[in-house]
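Comments concern the structure below.
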Amino acid sequence: MSVTTAEGMNEQAYKKESDYILEVKDLKKHFPIKAGFLQKTVGSIKAVDGLSFNVKRGETIGIVGESGCGKSTAGRTLIRLYEPTSGEIIFKGRNIAKMSEGELRRSVRKDIQMIFQDPYASLNPRKTLKAILTEPMITHSLYRPRERMEKLNELLEKVGFNPLFINRYPHEFSGGQRQRIGIARALALNPDLIIADEPVSALDVSIQAQIINLMEDLQEDFRLTYVFISHDLSVVRHISDRVGVMYLGKMMEFASKKDLYEDPLHPYTQALMSAVPVPKKKGVQARERIILKGDLPSPANPPQGCVFHTRCPAATEICSQMVPEYKELKKDHFVACHLY
Amino acid sequence: MSQINMEVSQKDLQLNPNLKSKPDTLTRIFFQKFTKNKLAVIGSIVLFIIIMSAVLAPWIAPYKFEDINLLDKLKPPSKEYWLGTDRYGRDIFTRLLYGGRISLLVGFCSVAGALIIGVSVGAVAGYFGGIVDAILMRLVDIVISIPSIFLLITVVTIFKPSVANLILIFALISWTSTARLVRGEFLSLRTREFVLASKTIGTKSYKIIFSHILPNAMGPIIVSATLLVGSVILSEAALSYLGLGIQPPTPSWGNMLEDAQNYTVMLKAPWYPFFPGLLILLTVLCFNFIGDGLRDALDPKTIE
């Protein structure tokens, strides 16, 4: 009974809100570099430097980029594990970027959850499954104590895990099993948005497929919205509706999966896409591989102008002088490049 | 190994679904690993005997520790006086039992106090970091740079060297190593993903500290506490040896050693300093062995 009313209210609230469950506007996260006896700030690592995108309710946003481009930092800043340096994070119509921890705990934490990369590090080795999975419920005083076990069994069934193992410790399980527990923990609060930070990159390929399929099933069952962070272009292509490409803390291109994979506009995206292996087919000509020169510049000292100009095959004079505007070129297709 | 275990228990569970899977696996692993270390096991047994005989001293001891019998001065070990007598004719065995009480009491209580201060300071510094960490760690640096033996001597000369005072002073100077250790553990644990997961759940800081981080930092804390007990017992002995520790007639192993540091005693009863010295040595050695054993048994890297 109470569940239906709650859902009804959700429905109403949903209608009142904009289409977007999450809007990120010019989000920045700079880590100070401190040195010397007085710990003076001598510089900063611009891990996330002006990130903008939006997420519609019920869709999956993929965020790709090479190691060190700031995609994990972006995820952790979105969920307020890190204090954003500037910018706005508008979740369900409220800016949570500057919200206090107490306020977050009361109104937001329950609705955004995270799935972590390393299933071995993301579960406390000294807690049983039961303790791990009831912690979210106890923290938010969800359900009566007697109902919690029932809920817990339900959750475990949903993620395909035998509830008989509830008194066991994490070290007794395999990586895939642990990741299922991690997912169950994220689901325990019945969140709207789940930020998945490379949830399958620590697993082997057959298990990856299981977990991805599980996440897709759960998305339908729980009406979840995902922000899926990964460096694996194929996995992102499989699961996402729209995809953003990050480079050195900035969003280079953000578009629907179809647009991005079939008609990438930004030279960096083009280079990335050319690196995806494609099966040989008759009549289909092999794409030309675009090899980028050089390494990822240091985020402590990013290049002037467009951050990509040092490695860009299409760079011109203006690229090293002016930061390209991040603009909507076609409907829902954003690019930050001077070529357009 | 664990694969087989799982299969077996799965079968059990199918046969009897009400069977609870064993919840104490971590404890069992700990005991298995600890008992593999022979020295640690021997150390535990010897220490247990020493502690029990100190606790049960009033029932075991054949005499009263303050009973003077001037006719039986400096007697060698015999049936009557198992370990001989000192220069006032007091039974050495009896005094060793009672002395153990004081030495061990000072050791345990000082370390308990040091742990309370050290763990609190280290936990706060490590968890919150930043300016809090900087201030607390400078405080630790200051306390460490005070020459402890001179501080001890000064404080003990000003205040009466009672057992309570000694415990207080030892606790106040020996918490620093624990604080540094705990801070280090917290610094590395607070960025672990399971702690981040608790934060995203909305778990409050104190709960994260006590129920997630502290249990995972317990291994090194226990190990250092064990080693610290040994070193406090040594310091107490050293202080008593200088005549600044526990005051006679109350015996402690340290002041018995001091008592034996007398020309006539050394000549006439060379066995006298041997016994308290041996006990100090044994006890500290036991604590060190146990500490080593605990370190190996509690290391989570080998649990995985």
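Labeling convention for the structure tokens: chains A, B, ... as they appear, residues from 1 per chain, ligands from 1 in order of appearance.
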(message) Residues near Val227 (chain A), anyone? I mean within 12 Å using only C-alpha atoms, not counting same-chain ones fewer than 4 positions away, as an MDAnalysis selection string.
(response) chainID A and resid 21:24 53:64 71:72 74:76 78:79 112:115 192:199 215 219 236 239:244
Serialized selection, C-alpha atoms, as an mmCIF file, in the first residue's frame:
```
data_model
loop_
_atom_site.group_PDB
_atom_site.id
_atom_site.type_symbol
_atom_site.label_atom_id
_atom_site.label_comp_id
_atom_site.auth_asym_id
_atom_site.auth_seq_id
_atom_site.Cartn_x
_atom_site.Cartn_y
_atom_site.Cartn_z
ATOM 1 C CA ILE A 21 17.305 13.801 -13.466
ATOM 2 C CA LEU A 22 20.849 15.125 -13.380
ATOM 3 C CA GLU A 23 22.356 18.202 -14.961
ATOM 4 C CA VAL A 24 26.029 18.952 -14.610
ATOM 5 C CA PHE A 53 26.292 17.106 -19.512
ATOM 6 C CA ASN A 54 22.827 16.012 -18.606
ATOM 7 C CA VAL A 55 21.122 12.752 -17.831
ATOM 8 C CA LYS A 56 17.519 11.902 -18.608
ATOM 9 C CA ARG A 57 15.539 9.740 -16.256
ATOM 10 C CA GLY A 58 15.853 6.069 -17.097
ATOM 11 C CA GLU A 59 18.695 6.314 -19.571
ATOM 12 C CA THR A 60 22.308 5.218 -19.379
ATOM 13 C CA ILE A 61 25.031 7.731 -19.943
ATOM 14 C CA GLY A 62 28.422 6.320 -20.793
ATOM 15 C CA ILE A 63 31.532 8.306 -19.992
ATOM 16 C CA VAL A 64 34.700 7.172 -21.724
ATOM 17 C CA LYS A 71 36.407 10.269 -15.414
ATOM 18 C CA SER A 72 36.588 8.528 -12.032
ATOM 19 C CA ALA A 74 34.123 13.193 -12.135
ATOM 20 C CA GLY A 75 32.024 10.268 -10.874
ATOM 21 C CA ARG A 76 33.179 10.725 -7.302
ATOM 22 C CA LEU A 78 29.063 13.914 -8.829
ATOM 23 C CA ILE A 79 28.193 11.810 -5.815
ATOM 24 C CA ILE A 112 22.323 8.387 -5.670
ATOM 25 C CA GLN A 113 24.415 5.297 -5.171
ATOM 26 C CA MET A 114 27.666 4.078 -6.562
ATOM 27 C CA ILE A 115 29.060 0.793 -7.841
ATOM 28 C CA ASP A 192 17.130 6.707 -8.707
ATOM 29 C CA LEU A 193 20.619 7.208 -10.039
ATOM 30 C CA ILE A 194 23.552 4.839 -9.924
ATOM 31 C CA ILE A 195 27.040 5.949 -10.795
ATOM 32 C CA ALA A 196 28.986 2.921 -11.916
ATOM 33 C CA ASP A 197 32.717 3.591 -11.837
ATOM 34 C CA GLU A 198 34.286 0.990 -14.112
ATOM 35 C CA PRO A 199 32.108 -1.725 -12.589
ATOM 36 C CA MET A 215 22.704 -4.221 -14.606
ATOM 37 C CA GLN A 219 17.556 -0.979 -14.778
ATOM 38 C CA VAL A 236 29.943 1.460 -23.208
ATOM 39 C CA ILE A 239 24.986 -0.436 -22.419
ATOM 40 C CA SER A 240 24.688 3.310 -23.076
ATOM 41 C CA ASP A 241 22.046 5.469 -24.675
ATOM 42 C CA ARG A 242 24.252 8.509 -24.863
ATOM 43 C CA VAL A 243 28.001 8.734 -24.503
ATOM 44 C CA GLY A 244 30.385 11.463 -23.405
#
```
Quick one: which residues from chain A are at most 6 Å off chain B, using only C-alpha atoms, as an mmCIF file with N, CA and C atoms, in the first residue's frame?
```cif
data_model
loop_
_atom_site.group_PDB
_atom_site.id
_atom_site.type_symbol
_atom_site.label_atom_id
_atom_site.label_comp_id
_atom_site.auth_asym_id
_atom_site.auth_seq_id
_atom_site.Cartn_x
_atom_site.Cartn_y
_atom_site.Cartn_z
ATOM 1 N N ARG A 105 22.909 13.925 3.500
ATOM 2 C CA ARG A 105 22.531 12.670 4.142
ATOM 3 C C ARG A 105 21.003 12.576 4.247
ATOM 4 N N ARG A 109 21.671 11.382 -0.420
ATOM 5 C CA ARG A 109 22.472 10.151 -0.391
ATOM 6 C C ARG A 109 21.663 8.911 -0.774
ATOM 7 N N ALA A 121 38.107 -4.424 -3.011
ATOM 8 C CA ALA A 121 38.326 -3.319 -2.077
ATOM 9 C C ALA A 121 37.016 -2.686 -1.626
ATOM 10 N N SER A 122 35.929 -2.974 -2.327
ATOM 11 C CA SER A 122 34.715 -2.214 -2.032
ATOM 12 C C SER A 122 33.850 -2.856 -0.953
ATOM 13 N N LEU A 123 34.281 -4.037 -0.442
ATOM 14 C CA LEU A 123 33.534 -4.647 0.658
ATOM 15 C C LEU A 123 34.451 -4.754 1.873
ATOM 16 N N ASN A 124 33.966 -4.327 3.019
ATOM 17 C CA ASN A 124 34.748 -4.395 4.246
ATOM 18 C C ASN A 124 35.072 -5.853 4.589
ATOM 19 N N PRO A 136 23.033 0.093 4.739
ATOM 20 C CA PRO A 136 22.252 1.184 4.137
ATOM 21 C C PRO A 136 20.863 1.319 4.760
ATOM 22 N N THR A 139 21.197 2.788 8.318
ATOM 23 C CA THR A 139 21.582 4.196 8.281
ATOM 24 C C THR A 139 20.384 5.093 7.984
ATOM 25 N N ASN A 167 25.791 -15.120 6.162
ATOM 26 C CA ASN A 167 26.668 -14.915 7.311
ATOM 27 C C ASN A 167 28.140 -15.076 6.963
ATOM 28 N N HIS A 171 35.789 -12.416 1.758
ATOM 29 C CA HIS A 171 36.927 -13.134 1.182
ATOM 30 C C HIS A 171 36.562 -14.534 0.703
#
```
(request) For Pro220 (chain B), work out the shell of residues within 12 Å, counting only C-alpha atoms and skipping chain neighbours fewer than 3 positions away, then give it as number ranges by chain. (result) B: 115, 119, 177-186, 214-217, 223-228, 291-300
(message) I'd like the neighbourhood of Tyr261 (chain A) as a list in words, where a residue qualifies if any of its atoms comes within 9 Å (using only C-alpha atoms), though same-chain residues fewer than 5 positions away should be ignored.
(response)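 Final neighbour list, sorted by chain and number: Arg237, Ser256, Thr269, Gln270 and Met273 of chain A.
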Selected residues written out with N, CA and C atoms, as a CSV table (one decimal), in the first residue's frame:
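Ended up saving to selection01.csv:
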```
chain,number,residue,atom,x,y,z
A,237,ARG,N,29.4,1.0,-25.5
A,237,ARG,CA,28.5,1.0,-26.7
A,237,ARG,C,27.3,0.1,-26.4
A,256,SER,N,24.4,11.1,-28.8
A,256,SER,CA,23.8,9.8,-28.7
A,256,SER,C,24.8,8.7,-29.1
A,269,THR,N,37.6,11.9,-30.5
A,269,THR,CA,36.7,10.8,-30.6
A,269,THR,C,37.0,9.9,-31.8
A,270,GLN,N,37.3,10.6,-32.9
A,270,GLN,CA,37.6,9.8,-34.2
A,270,GLN,C,38.8,8.9,-33.9
A,273,MET,N,37.7,6.0,-31.7
A,273,MET,CA,36.8,5.0,-32.4
A,273,MET,C,37.6,4.2,-33.4
```
(message) One number please: CA of Leu104 (chain A) to CA of Lys250 (chain A), in Å, one decimal.
(response) 26.0 Å
(message) Can you tell me, as JSON, numbers by chain, which residues in region 19-186 of chain A count as helix (DSSP H, G or I) by DSSP?
(response) {"A": [71, 72, 73, 74, 75, 76, 77, 78, 101, 102, 103, 104, 105, 106, 107, 129, 130, 131, 132, 133, 134, 135, 136, 137, 138, 139, 145, 146, 147, 148, 149, 150, 151, 152, 153, 154, 155, 156, 157, 158, 163, 164, 165, 170, 171, 172, 175, 176, 177, 178, 179, 180, 181, 182, 183, 184, 185, 186]}
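Here CA of Phe128 (chain B) is placed at a distance of 26.0 Å from CA of Ser141 (chain A).
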(request) Please provide as a PyMOL selection string all residues within 12 Å of Leu257 (chain B), with the sequence filter that same-chain residues fewer than 2 positions apart are discarded (counting only C-alpha atoms). (result) chain B and resi 86+92+95-96+99+234+236-243+245-246+248+251-255+259-262+265-266+270-280
(message) Between CA of Ser201 (chain A) and CA of Gly175 (chain A), what distance in Å does the model show, to one decimal?
(response)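 Atom-to-atom, CA of Ser201 (chain A) and CA of Gly175 (chain A) are spaced 11.0 Å apart.
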Write out as a PDB file with C-alpha atoms, in the first residue's frame which residues come within 9 Å of region 187-191 of chain A when counting only C-alpha atoms, dropping same-chain ones fewer than 3 positions away.
```pdb
ATOM      1  CA  ARG A 109      22.472  10.151  -0.391  1.00  0.00           C
ATOM      2  CA  LYS A 110      19.606   7.703  -0.520  1.00  0.00           C
ATOM      3  CA  ASP A 111      18.846   8.525  -4.138  1.00  0.00           C
ATOM      4  CA  ILE A 112      22.323   8.387  -5.670  1.00  0.00           C
ATOM      5  CA  GLN A 113      24.415   5.297  -5.171  1.00  0.00           C
ATOM      6  CA  LEU A 133      23.831  -5.151   3.093  1.00  0.00           C
ATOM      7  CA  THR A 134      21.811  -3.979   6.089  1.00  0.00           C
ATOM      8  CA  PRO A 136      22.252   1.184   4.137  1.00  0.00           C
ATOM      9  CA  MET A 137      18.858   0.232   5.585  1.00  0.00           C
ATOM     10  CA  HIS A 140      18.398   5.503   6.706  1.00  0.00           C
ATOM     11  CA  LEU A 142      14.359   1.920   6.224  1.00  0.00           C
ATOM     12  CA  LYS A 151      14.189  -7.256   1.995  1.00  0.00           C
ATOM     13  CA  LEU A 152      17.710  -8.546   2.070  1.00  0.00           C
ATOM     14  CA  LEU A 155      17.734  -8.084  -2.948  1.00  0.00           C
ATOM     15  CA  GLY A 182      28.271  -4.385  -4.359  1.00  0.00           C
ATOM     16  CA  ILE A 183      25.327  -3.943  -6.699  1.00  0.00           C
ATOM     17  CA  ALA A 184      22.908  -5.279  -4.099  1.00  0.00           C
ATOM     18  CA  ILE A 194      23.552   4.839  -9.924  1.00  0.00           C
ATOM     19  CA  PHE A 222      14.010  -0.616 -10.575  1.00  0.00           C
ATOM     20  CA  LEU A 224      17.273   3.090 -12.651  1.00  0.00           C
ATOM     21  CA  THR A 225      19.332   5.741 -14.352  1.00  0.00           C
TER      22      THR A 225
ATOM     23  CA  ILE B 201      25.358   5.415   1.745  1.00  0.00           C
TER      24      ILE B 201
END
```
(request) Go through B:Leu285, B:Ala61, B:Ile158, B:Leu152 and flag the residue nearest Ser44 (chain B), using only C-alpha atoms for the distances. (result)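 Checking each candidate against Ser44 (chain B), we get B:Leu285 as the closest.
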(message) With DSSP run on the backbone, what are the strand (DSSP E or B) residues within region 27-238 of chain A? I'd like them as a PyMOL selection string.
(response) chain A and resi 27-35+40-56+60-64+86-91+94-95+112-115+193-197+225-229
Quick one: write out the picked residues with C-alpha atoms as a compact mmCIF listing (two decimals), in the first residue's frame?
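Contents of the output file again.txt:
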```txt
# COMPACT_ATOMS: atom_id res chain seq x y z
CA LEU A 27 31.80 21.14 -12.96
CA LYS A 28 35.38 21.58 -11.78
CA LYS A 29 37.44 19.58 -9.33
CA HIS A 30 40.97 20.80 -8.73
CA PHE A 31 43.20 19.05 -6.23
CA PRO A 32 45.65 21.45 -4.60
CA ILE A 33 49.34 20.57 -4.72
CA LYS A 34 50.81 21.48 -1.36
CA ALA A 35 54.46 21.85 -0.61
CA LYS A 40 51.32 26.33 0.86
CA THR A 41 49.30 25.60 -2.23
CA VAL A 42 51.75 25.79 -5.11
CA GLY A 43 49.49 24.59 -7.88
CA SER A 44 46.60 22.35 -8.63
CA ILE A 45 45.78 19.21 -10.51
CA LYS A 46 42.84 20.00 -12.72
CA ALA A 47 41.32 16.53 -12.64
CA VAL A 48 37.92 17.73 -13.77
CA ASP A 49 37.96 21.08 -15.49
CA GLY A 50 34.65 22.25 -16.82
CA LEU A 51 32.39 19.27 -17.34
CA SER A 52 28.85 19.71 -18.61
CA PHE A 53 26.29 17.11 -19.51
CA ASN A 54 22.83 16.01 -18.61
CA VAL A 55 21.12 12.75 -17.83
CA LYS A 56 17.52 11.90 -18.61
CA THR A 60 22.31 5.22 -19.38
CA ILE A 61 25.03 7.73 -19.94
CA GLY A 62 28.42 6.32 -20.79
CA ILE A 63 31.53 8.31 -19.99
CA VAL A 64 34.70 7.17 -21.72
CA SER A 86 33.07 25.01 -8.76
CA GLY A 87 30.12 24.33 -10.99
CA GLU A 88 26.66 22.99 -10.45
CA ILE A 89 25.31 19.49 -9.97
CA ILE A 90 21.56 19.69 -10.31
CA PHE A 91 19.94 16.51 -9.15
CA ARG A 94 18.27 20.85 -6.63
CA ASN A 95 21.86 21.96 -6.76
CA ILE A 112 22.32 8.39 -5.67
CA GLN A 113 24.42 5.30 -5.17
CA MET A 114 27.67 4.08 -6.56
CA ILE A 115 29.06 0.79 -7.84
CA LEU A 193 20.62 7.21 -10.04
CA ILE A 194 23.55 4.84 -9.92
CA ILE A 195 27.04 5.95 -10.79
CA ALA A 196 28.99 2.92 -11.92
CA ASP A 197 32.72 3.59 -11.84
CA THR A 225 19.33 5.74 -14.35
CA TYR A 226 22.99 4.92 -14.87
CA VAL A 227 26.08 7.00 -15.33
CA PHE A 228 28.46 4.35 -16.57
CA ILE A 229 32.13 5.26 -16.42
```
